[in-house]
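The data block below is model-v2.csv; it holds CSV, C-alpha atoms.
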chain,number,residue,atom,x,y,z
V,1,GLN,CA,-45.1,-11.4,0.1
V,2,PHE,CA,-41.8,-13.4,0.2
V,3,ILE,CA,-38.3,-13.3,1.7
V,4,ALA,CA,-35.2,-14.3,-0.2
V,5,PHE,CA,-31.7,-15.0,1.2
V,6,SER,CA,-28.4,-15.9,-0.4
V,7,THR,CA,-24.7,-16.0,0.5
V,8,ALA,CA,-24.0,-13.5,-2.3
V,9,ILE,CA,-26.0,-10.5,-3.4
V,10,LYS,CA,-25.9,-11.7,-7.1
V,11,GLY,CA,-28.2,-14.6,-6.0
V,12,LEU,CA,-30.8,-12.1,-4.8
V,13,LEU,CA,-30.6,-9.9,-7.9
V,14,ALA,CA,-31.5,-13.0,-10.0
V,15,VAL,CA,-34.8,-13.3,-8.3
V,16,PRO,CA,-37.7,-11.7,-10.2
V,17,GLY,CA,-39.2,-8.7,-8.3
V,18,ILE,CA,-36.0,-7.7,-6.6
V,19,PRO,CA,-34.7,-4.4,-8.1
V,20,ARG,CA,-31.1,-3.5,-8.7
V,21,ALA,CA,-31.4,-0.1,-7.0
V,22,LEU,CA,-28.6,1.9,-5.5
V,23,ASN,CA,-28.7,2.6,-1.8
V,24,GLU,CA,-27.5,6.3,-1.9
V,25,GLU,CA,-27.3,6.6,1.9
V,26,LYS,CA,-24.9,3.6,2.1
V,27,LEU,CA,-22.8,5.2,-0.7
V,28,ALA,CA,-22.7,8.5,1.2
V,29,ASP,CA,-21.5,6.6,4.3
V,30,PHE,CA,-18.9,4.9,2.3
V,31,LEU,CA,-17.5,8.1,0.9
V,32,ILE,CA,-17.1,9.6,4.4
V,33,LEU,CA,-15.6,6.4,5.7
V,34,ASN,CA,-18.5,5.6,8.0
V,35,HIS,CA,-18.6,1.8,8.1
V,36,ASN,CA,-20.6,1.5,11.4
V,37,ASN,CA,-23.8,0.1,9.9
V,38,HIS,CA,-23.1,-3.6,9.2
V,39,GLN,CA,-26.7,-4.5,8.1
V,40,THR,CA,-27.1,-2.3,5.1
V,41,THR,CA,-25.6,-2.9,1.7
V,42,HIS,CA,-25.1,-0.8,-1.4
V,43,TYR,CA,-28.3,-2.1,-2.8
V,44,GLN,CA,-31.7,-0.7,-1.7
V,45,ASP,CA,-33.8,-3.1,0.4
V,46,ILE,CA,-31.1,-5.8,0.5
V,47,TYR,CA,-29.7,-6.3,4.0
V,48,ARG,CA,-26.8,-8.2,5.5
V,49,LEU,CA,-27.4,-10.5,8.5
V,50,PRO,CA,-24.5,-9.6,10.9
V,51,PRO,CA,-22.4,-12.3,12.5
V,52,ALA,CA,-23.8,-13.9,15.7
V,53,HIS,CA,-27.4,-12.9,14.7
V,54,HIS,CA,-30.4,-14.8,13.6
V,55,LEU,CA,-33.6,-13.8,11.8
V,56,ARG,CA,-37.0,-15.2,12.5
V,57,CYS,CA,-39.6,-14.6,9.8
V,58,VAL,CA,-43.3,-14.8,10.4
V,59,GLN,CA,-46.3,-13.6,8.4
V,60,GLU,CA,-47.5,-11.1,11.0
V,61,VAL,CA,-44.2,-9.1,10.8
V,62,SER,CA,-43.6,-7.1,7.6
V,63,LYS,CA,-39.9,-6.4,8.3
V,64,PRO,CA,-38.2,-8.9,10.7
V,65,VAL,CA,-35.5,-7.6,13.0
V,66,PRO,CA,-32.2,-9.5,13.5
V,67,GLN,CA,-31.6,-10.7,17.0
V,68,ARG,CA,-28.1,-11.2,18.5
V,69,TYR,CA,-27.6,-14.6,20.0
V,70,TRP,CA,-24.0,-14.2,21.1
V,71,ASN,CA,-21.7,-11.4,22.0
V,72,ILE,CA,-18.2,-11.1,23.4
V,73,ASP,CA,-18.0,-10.0,27.1
V,74,LEU,CA,-16.1,-6.8,27.0
V,75,ASN,CA,-16.1,-6.4,30.7
V,76,LYS,CA,-14.4,-9.7,31.4
V,77,ARG,CA,-10.8,-9.4,32.7
V,78,ILE,CA,-8.1,-12.0,33.0
V,79,HIS,CA,-5.7,-11.6,35.9
V,80,PHE,CA,-2.4,-13.3,36.3
V,81,ASP,CA,0.2,-13.0,39.0
V,82,THR,CA,3.3,-12.3,36.8
V,83,ASP,CA,4.1,-10.7,33.5
V,84,GLN,CA,5.4,-14.1,32.2
V,85,GLN,CA,2.1,-15.7,32.8
V,86,TYR,CA,0.4,-13.2,30.5
V,87,VAL,CA,3.1,-13.9,27.9
V,88,ASP,CA,2.6,-17.7,28.2
V,89,ALA,CA,-1.2,-17.3,28.0
V,90,PHE,CA,-0.9,-15.2,24.9
V,91,ASN,CA,1.5,-17.6,23.2
V,92,GLU,CA,-0.7,-20.6,23.9
V,93,LEU,CA,-3.7,-18.9,22.4
V,94,PHE,CA,-1.7,-17.5,19.4
V,95,GLU,CA,-0.3,-20.9,18.6
V,96,ARG,CA,-3.7,-22.5,18.7
V,97,CYS,CA,-5.2,-19.8,16.4
V,98,VAL,CA,-2.5,-20.3,13.8
V,99,ALA,CA,-2.8,-24.1,14.0
V,100,ASP,CA,-6.6,-23.8,13.5
V,101,ASN,CA,-6.1,-21.9,10.3
V,102,LEU,CA,-3.5,-24.3,8.9
V,103,ARG,CA,-6.1,-27.0,8.4
V,104,SER,CA,-6.5,-27.1,4.6
V,105,LEU,CA,-6.9,-29.6,1.8
V,106,THR,CA,-4.4,-27.5,-0.3
V,107,PRO,CA,-1.1,-25.8,0.6
V,108,VAL,CA,-1.3,-22.7,2.8
V,109,GLY,CA,0.4,-19.4,2.0
V,110,ALA,CA,1.0,-16.2,3.9
V,111,PHE,CA,1.1,-12.4,3.3
V,112,MET,CA,4.3,-11.2,5.1
V,113,SER,CA,5.7,-7.7,5.6
V,114,GLY,CA,8.8,-6.8,7.7
V,115,GLY,CA,6.6,-5.8,10.6
V,116,VAL,CA,5.5,-7.6,13.7
V,117,ASP,CA,2.0,-8.9,12.9
V,118,SER,CA,2.2,-10.8,9.7
V,119,ALA,CA,5.7,-12.0,10.5
V,120,ALA,CA,4.6,-13.4,13.8
V,121,VAL,CA,1.8,-15.3,12.0
V,122,ALA,CA,4.1,-16.6,9.2
V,123,THR,CA,6.9,-17.7,11.4
V,124,THR,CA,4.6,-19.5,13.8
V,125,ALA,CA,3.0,-21.2,10.9
V,126,ALA,CA,6.4,-22.2,9.4
V,127,ARG,CA,7.5,-23.7,12.7
V,128,GLN,CA,4.3,-25.7,13.0
V,129,LEU,CA,4.5,-26.9,9.4
V,130,LYS,CA,8.1,-28.0,9.8
V,131,GLN,CA,6.8,-30.7,12.2
V,132,GLN,CA,5.0,-32.1,9.2
V,133,ASP,CA,8.0,-31.6,6.9
V,134,GLU,CA,6.1,-28.9,4.9
V,135,GLN,CA,7.2,-25.5,3.5
V,136,LEU,CA,5.4,-22.2,3.8
V,137,HIS,CA,5.4,-19.8,0.9
V,138,THR,CA,5.2,-16.1,2.0
V,139,TYR,CA,4.4,-13.1,-0.3
V,140,THR,CA,5.7,-9.6,0.1
V,141,SER,CA,4.8,-6.5,-1.9
V,142,VAL,CA,7.9,-4.6,-3.0
V,143,PRO,CA,8.5,-1.5,-5.2
V,144,ARG,CA,9.1,-1.9,-8.9
V,145,ALA,CA,12.7,-2.2,-10.0
V,146,GLY,CA,14.5,1.1,-10.0
V,147,PHE,CA,12.0,2.9,-7.7
V,148,THR,CA,13.7,5.9,-6.0
V,149,GLY,CA,10.7,7.5,-4.2
V,150,VAL,CA,11.4,9.1,-0.8
V,151,ALA,CA,9.9,7.3,2.2
V,152,PRO,CA,8.0,9.4,4.9
V,153,LYS,CA,9.9,10.0,8.1
V,154,GLY,CA,10.0,6.9,10.3
V,155,ARG,CA,9.0,4.6,7.4
V,156,TYR,CA,10.7,2.6,4.7
V,157,ASN,CA,9.7,1.7,1.1
V,158,ASP,CA,11.2,-1.7,0.6
V,159,GLU,CA,10.6,-4.5,3.1
V,160,THR,CA,12.9,-7.0,1.3
V,161,PRO,CA,15.9,-6.9,3.7
V,162,LEU,CA,13.7,-7.4,6.8
V,163,VAL,CA,11.8,-10.2,5.2
V,164,LYS,CA,15.0,-12.0,4.1
V,165,ALA,CA,16.4,-11.6,7.6
V,166,ILE,CA,13.3,-13.2,9.1
V,167,ALA,CA,13.3,-16.0,6.5
V,168,ALA,CA,16.9,-16.8,7.3
V,169,MET,CA,15.8,-18.0,10.7
V,170,HIS,CA,13.4,-20.6,9.2
V,171,ASP,CA,14.7,-23.0,6.6
V,172,ASN,CA,11.2,-24.1,5.5
V,173,LEU,CA,10.0,-20.5,4.8
V,174,VAL,CA,10.1,-19.7,1.1
V,175,THR,CA,9.9,-16.0,0.2
V,176,ASP,CA,8.2,-14.6,-2.9
V,177,PHE,CA,8.5,-10.9,-3.7
V,178,ILE,CA,5.8,-9.3,-5.8
V,179,ASP,CA,6.2,-5.9,-7.5
V,180,ALA,CA,2.9,-5.8,-9.5
V,181,GLU,CA,4.7,-3.5,-12.1
V,182,GLY,CA,2.4,-2.1,-14.8
V,183,GLU,CA,-0.8,-2.8,-12.9
V,184,THR,CA,-3.3,-0.1,-11.8
V,185,PRO,CA,-6.4,0.0,-9.6
V,186,LEU,CA,-8.5,0.3,-12.7
V,187,ASP,CA,-7.5,-3.2,-14.0
V,188,ASN,CA,-9.9,-6.2,-13.7
V,189,LEU,CA,-12.7,-4.1,-12.2
V,190,ASP,CA,-15.4,-6.3,-13.8
V,191,SER,CA,-14.1,-9.5,-12.2
V,192,TYR,CA,-13.5,-7.7,-8.9
V,193,PHE,CA,-17.1,-6.4,-8.7
V,194,ASP,CA,-18.5,-9.7,-9.8
V,195,ALA,CA,-16.8,-11.4,-6.8
V,196,HIS,CA,-17.1,-8.7,-4.2
V,197,GLU,CA,-20.2,-6.8,-5.2
V,198,GLU,CA,-19.2,-3.6,-3.3
V,199,PRO,CA,-16.6,-0.8,-3.7
V,200,PHE,CA,-13.1,-1.3,-2.4
V,201,ARG,CA,-12.1,0.8,0.6
V,202,ASN,CA,-8.5,1.4,-0.5
V,203,PRO,CA,-8.2,0.7,-4.3
V,204,CYS,CA,-4.4,1.2,-4.2
V,205,ASN,CA,-4.0,-1.9,-2.0
V,206,ARG,CA,-6.1,-4.0,-4.5
V,207,VAL,CA,-3.2,-3.9,-6.9
V,208,TRP,CA,-0.6,-5.8,-4.8
V,209,MET,CA,-3.1,-7.9,-2.9
V,210,GLU,CA,-4.6,-9.4,-6.1
V,211,ALA,CA,-1.1,-9.9,-7.5
V,212,ILE,CA,-0.2,-11.9,-4.4
V,213,ILE,CA,-3.4,-13.9,-4.6
V,214,ARG,CA,-2.7,-14.8,-8.2
V,215,GLU,CA,0.8,-15.9,-7.4
V,216,GLY,CA,-0.6,-18.0,-4.5
V,217,GLN,CA,-3.1,-19.6,-6.9
V,218,SER,CA,-0.2,-20.7,-9.1
V,219,HIS,CA,1.0,-22.7,-6.2
V,220,ASN,CA,-2.4,-24.3,-5.7
V,221,GLN,CA,-2.9,-22.3,-2.4
V,222,ARG,CA,-6.5,-21.7,-1.4
V,223,VAL,CA,-5.8,-20.4,2.1
V,224,MET,CA,-3.8,-17.2,2.7
V,225,LEU,CA,-2.7,-16.2,6.2
V,226,THR,CA,-2.4,-12.5,7.0
V,227,GLY,CA,-1.5,-10.1,9.9
V,228,GLN,CA,-4.8,-8.3,9.5
V,229,HIS,CA,-6.0,-6.5,12.7
V,230,GLY,CA,-2.6,-7.0,14.3
V,231,ASN,CA,-2.5,-3.2,14.9
V,232,MET,CA,-5.4,-3.6,17.3
V,233,THR,CA,-3.9,-6.7,19.1
V,234,LEU,CA,-0.4,-8.1,18.7
V,235,SER,CA,1.5,-4.8,18.0
V,236,TRP,CA,-1.0,-2.5,19.7
V,237,GLU,CA,1.0,0.0,21.8
V,238,GLY,CA,-1.7,0.6,24.4
V,239,THR,CA,-1.9,4.3,24.1
V,240,TRP,CA,-5.7,4.3,24.5
V,241,ALA,CA,-5.1,2.6,27.9
V,242,LEU,CA,-3.1,5.6,28.9
V,243,ALA,CA,-6.0,7.9,28.2
V,244,ASP,CA,-8.4,5.6,30.1
V,245,TRP,CA,-6.2,5.6,33.2
V,246,LEU,CA,-5.9,9.3,32.9
V,247,ARG,CA,-9.7,9.8,32.8
V,248,ARG,CA,-10.2,7.5,35.8
V,249,GLY,CA,-7.4,9.0,37.9
V,250,LYS,CA,-5.2,5.8,37.9
V,251,TRP,CA,-2.1,8.0,38.3
V,252,LEU,CA,0.4,5.3,39.3
V,253,ARG,CA,-0.7,2.9,36.6
V,254,PHE,CA,-0.6,5.8,34.1
V,255,TYR,CA,3.0,6.7,35.2
V,256,HIS,CA,4.3,3.1,34.8
V,257,GLY,CA,2.5,2.7,31.5
V,258,LEU,CA,4.0,6.0,30.2
V,259,ASN,CA,7.5,4.9,31.2
V,260,THR,CA,7.0,1.4,29.6
V,261,LEU,CA,5.8,2.8,26.3
V,262,ALA,CA,8.6,5.4,26.1
V,263,GLY,CA,11.2,2.7,26.7
V,264,TYR,CA,9.6,0.3,24.2
V,265,ARG,CA,9.4,2.7,21.3
V,266,GLU,CA,12.4,4.9,22.3
V,267,GLN,CA,10.2,7.9,22.1
V,268,SER,CA,9.8,10.8,24.5
V,269,ARG,CA,7.5,10.6,27.4
V,270,LEU,CA,6.2,14.1,26.5
V,271,GLY,CA,5.0,12.9,23.1
V,272,TYR,CA,3.0,10.0,24.7
V,273,LEU,CA,1.7,12.4,27.4
V,274,LYS,CA,0.4,14.7,24.7
V,275,GLN,CA,-1.2,11.8,22.9
V,276,ALA,CA,-2.9,10.5,26.0
V,277,VAL,CA,-4.2,13.9,27.0
V,278,ALA,CA,-5.6,14.5,23.5
V,279,THR,CA,-7.3,11.1,23.5
V,280,ALA,CA,-8.8,11.7,27.0
V,281,LEU,CA,-10.3,15.1,26.1
V,282,PRO,CA,-14.0,15.2,25.1
V,283,ASP,CA,-14.5,15.6,21.4
V,284,SER,CA,-16.0,19.1,21.7
V,285,VAL,CA,-12.9,20.3,23.6
V,286,TRP,CA,-10.5,18.7,21.2
V,287,PHE,CA,-12.3,20.2,18.1
V,288,ALA,CA,-12.3,23.7,19.8
V,289,TYR,CA,-8.6,23.4,20.4
V,290,GLN,CA,-8.0,22.4,16.8
V,291,ARG,CA,-10.0,25.3,15.5
V,292,ILE,CA,-7.8,27.7,17.5
V,293,ARG,CA,-4.6,25.9,16.6
V,294,ARG,CA,-5.5,25.6,12.9
V,295,PRO,CA,-8.0,28.3,11.9
V,296,GLY,CA,-9.8,27.7,8.7
V,297,LYS,CA,-9.5,23.9,8.9
V,298,ARG,CA,-12.7,21.8,9.0
V,299,ASP,CA,-13.4,19.3,11.8
V,300,PRO,CA,-12.4,15.7,11.0
V,301,ILE,CA,-15.3,13.4,10.3
What does the file become when written as structure tokens?
Amino acid sequence: QFIAFSTAIKGLLAVPGIPRALNEEKLADFLILNHNNHQTTHYQDIYRLPPAHHLRCVQEVSKPVPQRYWNIDLNKRIHFDTDQQYVDAFNELFERCVADNLRSLTPVGAFMSGGVDSAAVATTAARQLKQQDEQLHTYTSVPRAGFTGVAPKGRYNDETPLVKAIAAMHDNLVTDFIDAEGETPLDNLDSYFDAHEEPFRNPCNRVWMEAIIREGQSHNQRVMLTGQHGNMTLSWEGTWALADWLRRGKWLRFYHGLNTLAGYREQSRLGYLKQAVATALPDSVWFAYQRIRRPGKRDPI
């Protein structure tokens, strides 16, 4: 006969009458990496209100349903006359986004790898902070001293040289290298669950992420910039666009896109062609092909 809401689940579990019961279906989804339901939690009968939704509670309705009040228009397209105009529009938006996230009562830090995404955020922030005569501390996870593990083909283990090269171009960018030696994913689990209240998707990442956060706290930093989701935006190659053009018969656009990608990544056109065809195929056809190619293997989830 009541509804309770809180910014954290622990606030609800403190209310008499609300059980601390496991949501087994949510746990099963988590174990197979199905993260599509954003309303359920790992606790039975405790729900999350998704972003851009509101909830109206009335006595006549036993279980109110969230209503979306805003959504991004995925069909909207922006068209410019030249490639440079696209670059200029992106740069203007990117600069504004970084500037918005630099507003803080305490110093700002940044996660930074040797890749495109986090480095773009960090260097843009450093350039903006220099106008205020401020420094930017960046944090990079590196292997422990003496590590000799073999890197997978096309990858590297230690990002130190690339980060140092980037920092050399910005005199107000201070680099901090964190190796988190001796720490394991099983450390500090109680404090983690107390704060997050849910399982961690990739516990190996927790080790270096928390080590960086602790170092940032020692510099009184309460805001940390990252390159999260850059793979879907800034450094996205556009291979899914190739598949889309292939499905819709946009042959000329597909041809130009294939050549552009091959030149950008210095990879063969045949490799990108195979990837585009595989993406464009219906799932049933792709799974059938995989069963023939790799008998005995189960379909991916």
Could you pull the residues within 12 Å of V:Pro203, counting all atoms listed in the file, minus those fewer than 5 positions along the same chain, as a PyMOL selection string?
chain V and resi 183-189+192+198+208-210
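A distance cut-off of 10 Å around (-42.4, -15.3, 2.4), counting only C-alpha atoms, selects these protein and nucleic acid residues: Gln1, Phe2, Ile3, Ala4, Cys57, Val58, Gln59 and Ser62 of chain V.
Take atom CA of V:Thr41 and atom CA of V:Asn202: the distance between them is 17.8 Å.
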Taking all atoms listed in the file into account, which of V:Leu74, V:Ile18, V:Ala151, V:Ala119 comes nearest V:Leu173?
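Nearest candidate to V:Leu173 out of V:Leu74, V:Ile18, V:Ala151, V:Ala119: V:Ala119.
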For stretch 5-16 of chain V: contacts at 12 Å, all atoms listed in the file, fewer than 5 positions along chain excluded, given as a PyMOL selection string
chain V and resi 21+40-49+55+57+193-198
Do a neighbour search on V:Glu181 at 10 Å with all atoms listed in the file, toss out local chain neighbours closer than 2 positions, and write the hits as a PyMOL selection string.
chain V and resi 142-145+178-179+183-184+207-208+211
Could you tell me how far atom CA of V:Glu95 sits from atom CA of V:Ser118, in Å to one decimal place?
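Atom CA of V:Ser118 sits 13.7 Å away from atom CA of V:Glu95.
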Which of V:Thr138, V:Thr160, V:Ser218, V:Thr279 sits closest to V:Val121 [using only C-alpha atoms]
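For V:Val121, the nearest of the candidates is V:Thr138.
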Would you write out, as CSV, a table of all residues in stretch 91-138 of chain V that have an atom no more than 7 Å from an atom of stretch 165-172 of chain V, listing for each the closest atom pair and the distance in Å to one decimal, considering all atoms listed in the file and ordering rows by chain and rising residue number?
residue,atom,partner,partner_atom,distance
V:Ala126,CA,V:Asn172,CA,6.5
V:Lys130,CA,V:Asn172,CA,6.6
V:Gln135,CA,V:Asn172,CA,4.7
V:Leu136,CA,V:Asn172,CA,6.3
What gap, in Å, lies between atom CA of V:Trp251 and atom CA of V:Leu234?
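The value is 25.4 Å.
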So, with all atoms listed in the file as the atoms that count, which of V:Leu242, V:Ile292, V:Ile212, V:Leu93 lies closest to V:Arg269?
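Ranking V:Leu242, V:Ile292, V:Ile212, V:Leu93 by distance to V:Arg269, first place goes to V:Leu242.
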